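Student: Got a structure here, written out as structure tokens. Questions coming.
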Amino acid sequence: LPILTSLMLLIAGVGSILGALGGGRLADRLGRKPVLVAAGMLCCLGTRCQALVPEGDWRAFTLLRFVVGMGYGACGSTQFALIAECTPRARRTLITSSLGIPAGLGLLLASSVVSVLFAHIGWRGTALLGFLPLVVVALIAGFVPESPRWLLTVGRVEASKRAANRILVLPDHDA
């Protein structure tokens with residue numbers, strides 16, 4: 001049914017819009033890094049779960065597409081804020097403008113992988129590959145500091161200094 005196929009494809013875009021709006025609001029309240037990590041996990045886990053949807057269950061598949069879109073949108077809005085707040089003013093426009101490149105490369109890579117591997121591993125196998133970016137999420141969780149600017153806005157001055165020192169690769173002078 002073409003209408004169901006259209007719904008399944010378009011719902012990710014709706015989720016992305018709502019995820020960007022909600023992710024931005026949450027990032028202002030909870031911090032950039034935790035929202036980025038949670039949104040990345042949501043996107044990857046939603047993709048992983050799509051591979052487990054029983055054959056013909058278009059409702060579950062559509063719901064998971066919405067979840068993936070929400071995660072993707074929240075990642076986008078949050079990563080822009082985090083990177084802009086951690087980038088020196090002189091390079092901010094170049095760096096934030098360059099954020100579109102990984103998304104474009106990701107789409108190109110995903111399309112290439114699907115066109116090469118789909119015949120061998122099917123749609124469920126290609127959906128399982130959406131789980132792989134959890135490696136990047138883990139790296140962000142382990143190595144990326146919270147935005148020093150956000151920390152300052154919520155009154156966490158010492159944490160802001162530590163985060164700035166990590167970004168600038170300066171030793172901590174608290175000890």
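Identifiers for the structure tokens are assigned positionally: chains receive A, B, ... in sequence, residues are indexed from 1 per chain, and ligands are indexed from 1 in the order shown.
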Write out as a CSV table (one decimal) with all heavy atoms, in the first residue's frame the residues lying within 12 Å of segment 89-101 of chain A, counting only C-alpha atoms and excluding same-chain residues fewer than 5 positions away.
Tutor:
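The file below, around11.csv, is the result:
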chain,number,residue,atom,x,y,z
A,75,CYS,N,19.9,14.8,18.3
A,75,CYS,CA,21.4,14.9,18.1
A,75,CYS,C,21.8,16.1,17.4
A,75,CYS,O,22.8,16.8,17.7
A,75,CYS,CB,21.8,13.6,17.3
A,75,CYS,SG,22.0,12.1,18.3
A,76,GLY,N,21.1,16.4,16.3
A,76,GLY,CA,21.5,17.5,15.5
A,76,GLY,C,21.4,18.8,16.2
A,76,GLY,O,22.4,19.6,16.2
A,77,SER,N,20.3,19.1,16.9
A,77,SER,CA,20.2,20.4,17.6
A,77,SER,C,21.2,20.5,18.7
A,77,SER,O,21.7,21.6,18.9
A,77,SER,CB,18.8,20.6,18.1
A,77,SER,OG,18.4,19.6,19.0
A,78,THR,N,21.4,19.4,19.4
A,78,THR,CA,22.3,19.4,20.5
A,78,THR,C,23.8,19.5,20.1
A,78,THR,O,24.6,20.2,20.7
A,78,THR,CB,22.1,18.2,21.4
A,78,THR,OG1,20.7,18.1,21.7
A,78,THR,CG2,22.8,18.3,22.7
A,79,GLN,N,24.1,18.8,19.1
A,79,GLN,CA,25.6,18.8,18.7
A,79,GLN,C,25.9,20.2,18.2
A,79,GLN,O,27.0,20.7,18.4
A,79,GLN,CB,25.8,17.8,17.6
A,79,GLN,CG,25.4,18.1,16.2
A,79,GLN,CD,25.8,17.2,15.2
A,79,GLN,OE1,26.5,16.2,15.4
A,79,GLN,NE2,25.4,17.4,14.0
A,80,PHE,N,25.0,20.9,17.5
A,80,PHE,CA,25.4,22.2,17.0
A,80,PHE,C,25.6,23.2,18.2
A,80,PHE,O,26.6,23.9,18.2
A,80,PHE,CB,24.2,22.8,16.1
A,80,PHE,CG,24.3,22.3,14.7
A,80,PHE,CD1,23.4,21.4,14.2
A,80,PHE,CD2,25.3,22.8,13.9
A,80,PHE,CE1,23.5,20.9,12.9
A,80,PHE,CE2,25.3,22.4,12.5
A,80,PHE,CZ,24.5,21.5,12.1
A,81,ALA,N,24.8,23.1,19.2
A,81,ALA,CA,25.0,23.9,20.4
A,81,ALA,C,26.3,23.6,21.1
A,81,ALA,O,27.0,24.5,21.4
A,81,ALA,CB,23.8,23.8,21.3
A,82,LEU,N,26.5,22.3,21.3
A,82,LEU,CA,27.7,21.9,22.0
A,82,LEU,C,29.0,22.4,21.3
A,82,LEU,O,29.9,22.9,21.8
A,82,LEU,CB,27.8,20.4,22.2
A,82,LEU,CG,29.0,19.8,22.9
A,82,LEU,CD1,29.1,20.3,24.3
A,82,LEU,CD2,28.9,18.3,22.9
A,83,ILE,N,29.0,22.1,20.0
A,83,ILE,CA,30.2,22.5,19.2
A,83,ILE,C,30.4,24.0,19.1
A,83,ILE,O,31.5,24.5,19.2
A,83,ILE,CB,30.2,21.8,17.8
A,83,ILE,CG1,30.4,20.3,18.1
A,83,ILE,CG2,31.2,22.3,16.9
A,83,ILE,CD1,30.2,19.4,16.9
A,84,ALA,N,29.3,24.7,18.9
A,84,ALA,CA,29.4,26.2,18.8
A,84,ALA,C,29.9,26.8,20.1
A,84,ALA,O,30.7,27.7,20.1
A,84,ALA,CB,28.0,26.8,18.4
A,106,GLY,N,27.4,10.5,5.9
A,106,GLY,CA,26.6,9.4,6.5
A,106,GLY,C,25.5,8.9,5.6
A,106,GLY,O,25.4,7.7,5.4
A,107,LEU,N,24.8,9.8,4.9
A,107,LEU,CA,23.8,9.4,4.0
A,107,LEU,C,24.4,8.7,2.8
A,107,LEU,O,23.9,7.7,2.3
A,107,LEU,CB,23.0,10.6,3.5
A,107,LEU,CG,22.0,11.2,4.6
A,107,LEU,CD1,21.5,12.5,4.1
A,107,LEU,CD2,20.9,10.2,4.9
A,108,LEU,N,25.5,9.2,2.3
A,108,LEU,CA,26.2,8.6,1.2
A,108,LEU,C,26.7,7.2,1.6
A,108,LEU,O,26.5,6.2,0.8
A,108,LEU,CB,27.4,9.5,0.7
A,108,LEU,CG,28.2,8.9,-0.4
A,108,LEU,CD1,27.4,8.8,-1.7
A,108,LEU,CD2,29.4,9.8,-0.6
A,109,LEU,N,27.3,7.1,2.8
A,109,LEU,CA,27.8,5.8,3.2
A,109,LEU,C,26.6,4.8,3.4
A,109,LEU,O,26.7,3.6,3.0
A,109,LEU,CB,28.6,5.9,4.5
A,109,LEU,CG,29.1,4.7,5.2
A,109,LEU,CD1,30.1,4.0,4.3
A,109,LEU,CD2,29.7,5.0,6.5
Student: Tell me which protein, DNA and RNA residues are within 8 Å of segment 138-151 of chain A, counting only C-alpha atoms, leaving out same-chain ones fewer than 3 positions away, and put them as a list in words.
Tutor: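 Returned residues: Asp28, Gly31, Arg32, Lys33, Pro34, Val37, Leu82, Glu85, Cys86, Leu134, Val135, Val154, Gly155, Arg156, Val157, Ala159, Ser160, Lys161, Ala163, Ala164, Arg166 and Ile167 of chain A.
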Student: Since we have the selection now, will you write its residues out, keeping N, CA, C and O atoms, as an mmCIF file, in the first residue's frame?
Tutor:
data_model
loop_
_atom_site.group_PDB
_atom_site.id
_atom_site.type_symbol
_atom_site.label_atom_id
_atom_site.label_comp_id
_atom_site.auth_asym_id
_atom_site.auth_seq_id
_atom_site.Cartn_x
_atom_site.Cartn_y
_atom_site.Cartn_z
ATOM 1 N N ASP A 28 19.056 22.629 27.107
ATOM 2 C CA ASP A 28 19.137 23.853 27.895
ATOM 3 C C ASP A 28 18.930 23.574 29.380
ATOM 4 O O ASP A 28 19.473 24.273 30.227
ATOM 5 N N GLY A 31 21.841 19.909 30.073
ATOM 6 C CA GLY A 31 23.205 19.948 29.565
ATOM 7 C C GLY A 31 23.259 19.385 28.156
ATOM 8 O O GLY A 31 22.418 18.584 27.755
ATOM 9 N N ARG A 32 24.274 19.834 27.412
ATOM 10 C CA ARG A 32 24.406 19.399 26.019
ATOM 11 C C ARG A 32 24.806 17.935 25.912
ATOM 12 O O ARG A 32 24.210 17.169 25.168
ATOM 13 N N LYS A 33 25.820 17.562 26.670
ATOM 14 C CA LYS A 33 26.386 16.222 26.545
ATOM 15 C C LYS A 33 25.395 15.105 26.901
ATOM 16 O O LYS A 33 25.241 14.158 26.122
ATOM 17 N N PRO A 34 24.701 15.156 28.035
ATOM 18 C CA PRO A 34 23.783 14.044 28.343
ATOM 19 C C PRO A 34 22.657 13.890 27.322
ATOM 20 O O PRO A 34 22.253 12.772 26.996
ATOM 21 N N VAL A 37 24.200 12.301 24.116
ATOM 22 C CA VAL A 37 24.444 10.868 24.320
ATOM 23 C C VAL A 37 23.124 10.092 24.324
ATOM 24 O O VAL A 37 22.990 9.064 23.658
ATOM 25 N N LEU A 82 26.527 22.333 21.309
ATOM 26 C CA LEU A 82 27.744 21.916 22.009
ATOM 27 C C LEU A 82 28.992 22.362 21.266
ATOM 28 O O LEU A 82 29.907 22.949 21.842
ATOM 29 N N GLU A 85 29.449 26.199 21.208
ATOM 30 C CA GLU A 85 29.837 26.732 22.512
ATOM 31 C C GLU A 85 31.262 26.354 22.913
ATOM 32 O O GLU A 85 31.823 26.945 23.820
ATOM 33 N N CYS A 86 31.844 25.383 22.226
ATOM 34 C CA CYS A 86 33.206 24.940 22.543
ATOM 35 C C CYS A 86 34.222 25.387 21.501
ATOM 36 O O CYS A 86 35.390 25.023 21.588
ATOM 37 N N LEU A 134 26.804 3.379 17.867
ATOM 38 C CA LEU A 134 26.924 3.400 19.330
ATOM 39 C C LEU A 134 28.380 3.533 19.758
ATOM 40 O O LEU A 134 28.666 4.022 20.853
ATOM 41 N N VAL A 135 29.304 3.124 18.901
ATOM 42 C CA VAL A 135 30.727 3.306 19.190
ATOM 43 C C VAL A 135 31.028 4.801 19.301
ATOM 44 O O VAL A 135 31.719 5.243 20.227
ATOM 45 N N VAL A 154 24.437 27.674 34.299
ATOM 46 C CA VAL A 154 23.721 27.044 35.407
ATOM 47 C C VAL A 154 24.480 27.188 36.724
ATOM 48 O O VAL A 154 24.144 26.544 37.710
ATOM 49 N N GLY A 155 25.518 28.035 36.720
ATOM 50 C CA GLY A 155 26.221 28.347 37.957
ATOM 51 C C GLY A 155 27.279 27.345 38.392
ATOM 52 O O GLY A 155 27.733 27.397 39.531
ATOM 53 N N ARG A 156 27.677 26.457 37.518
ATOM 54 C CA ARG A 156 28.688 25.452 37.868
ATOM 55 C C ARG A 156 30.061 25.931 37.377
ATOM 56 O O ARG A 156 30.628 25.421 36.424
ATOM 57 N N VAL A 157 30.595 26.920 38.076
ATOM 58 C CA VAL A 157 31.804 27.611 37.650
ATOM 59 C C VAL A 157 33.019 26.681 37.644
ATOM 60 O O VAL A 157 33.792 26.658 36.680
ATOM 61 N N ALA A 159 33.150 23.395 37.483
ATOM 62 C CA ALA A 159 32.999 22.389 36.420
ATOM 63 C C ALA A 159 33.262 23.023 35.058
ATOM 64 O O ALA A 159 33.845 22.385 34.176
ATOM 65 N N SER A 160 32.861 24.279 34.886
ATOM 66 C CA SER A 160 33.114 24.987 33.637
ATOM 67 C C SER A 160 34.610 25.164 33.407
ATOM 68 O O SER A 160 35.104 24.977 32.295
ATOM 69 N N LYS A 161 35.344 25.506 34.465
ATOM 70 C CA LYS A 161 36.801 25.643 34.345
ATOM 71 C C LYS A 161 37.445 24.315 33.949
ATOM 72 O O LYS A 161 38.330 24.287 33.087
ATOM 73 N N ALA A 163 36.038 21.794 32.361
ATOM 74 C CA ALA A 163 35.669 21.472 30.977
ATOM 75 C C ALA A 163 36.481 22.305 29.994
ATOM 76 O O ALA A 163 36.968 21.791 28.983
ATOM 77 N N ALA A 164 36.641 23.581 30.283
ATOM 78 C CA ALA A 164 37.440 24.450 29.410
ATOM 79 C C ALA A 164 38.892 23.982 29.375
ATOM 80 O O ALA A 164 39.526 23.977 28.311
ATOM 81 N N ARG A 166 39.932 20.944 29.723
ATOM 82 C CA ARG A 166 39.976 19.733 28.878
ATOM 83 C C ARG A 166 39.964 20.094 27.408
ATOM 84 O O ARG A 166 40.683 19.506 26.604
ATOM 85 N N ILE A 167 39.138 21.059 27.050
ATOM 86 C CA ILE A 167 39.051 21.472 25.646
ATOM 87 C C ILE A 167 40.364 22.105 25.198
ATOM 88 O O ILE A 167 40.850 21.841 24.104
#
Student: Report, in Å with one decimal, the straight-line distance from atom CA of Gly46 of chain A to atom CA of Arg65 of chain A.
Tutor: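 Interatomic distance, atom CA of Gly46 of chain A to atom CA of Arg65 of chain A: 7.3 Å.
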Student: Any chance you could list, as JSON, numbers by chain, the residues in chain A that come up alpha helix (DSSP H) when DSSP is run on the backbone?
Tutor: {"A": [2, 3, 4, 5, 6, 7, 8, 9, 10, 11, 12, 13, 14, 15, 16, 17, 18, 19, 20, 21, 22, 23, 24, 25, 26, 27, 28, 29, 30, 32, 33, 34, 35, 36, 37, 38, 39, 40, 41, 42, 43, 44, 45, 46, 47, 48, 49, 50, 58, 59, 60, 61, 62, 63, 64, 65, 66, 67, 68, 69, 70, 71, 72, 73, 74, 75, 76, 77, 78, 79, 80, 81, 82, 83, 84, 85, 86, 89, 90, 91, 92, 93, 94, 95, 96, 97, 100, 101, 102, 103, 104, 105, 106, 107, 108, 109, 110, 111, 112, 113, 114, 115, 116, 117, 118, 119, 120, 121, 122, 123, 124, 125, 126, 127, 128, 134, 135, 136, 137, 138, 139, 140, 141, 142, 143, 148, 149, 150, 151, 152, 153, 157, 158, 159, 160, 161, 162, 163, 164, 165, 166, 167, 168]}
Student: Which neighbours of segment 7-24 of chain A fall inside 7 Å, counting only C-alpha atoms, when residues of the same chain fewer than 6 positions from it are skipped, and could you give them as a PyMOL selection string?
Tutor: chain A and resi 35+62+65-74+76-78
Student: Go ahead and compute the interatomic distance for atom CA of Thr126 of chain A and atom CA of Pro102 of chain A, in Å to one decimal.
Tutor: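 These two atoms are separated by 19.4 Å.
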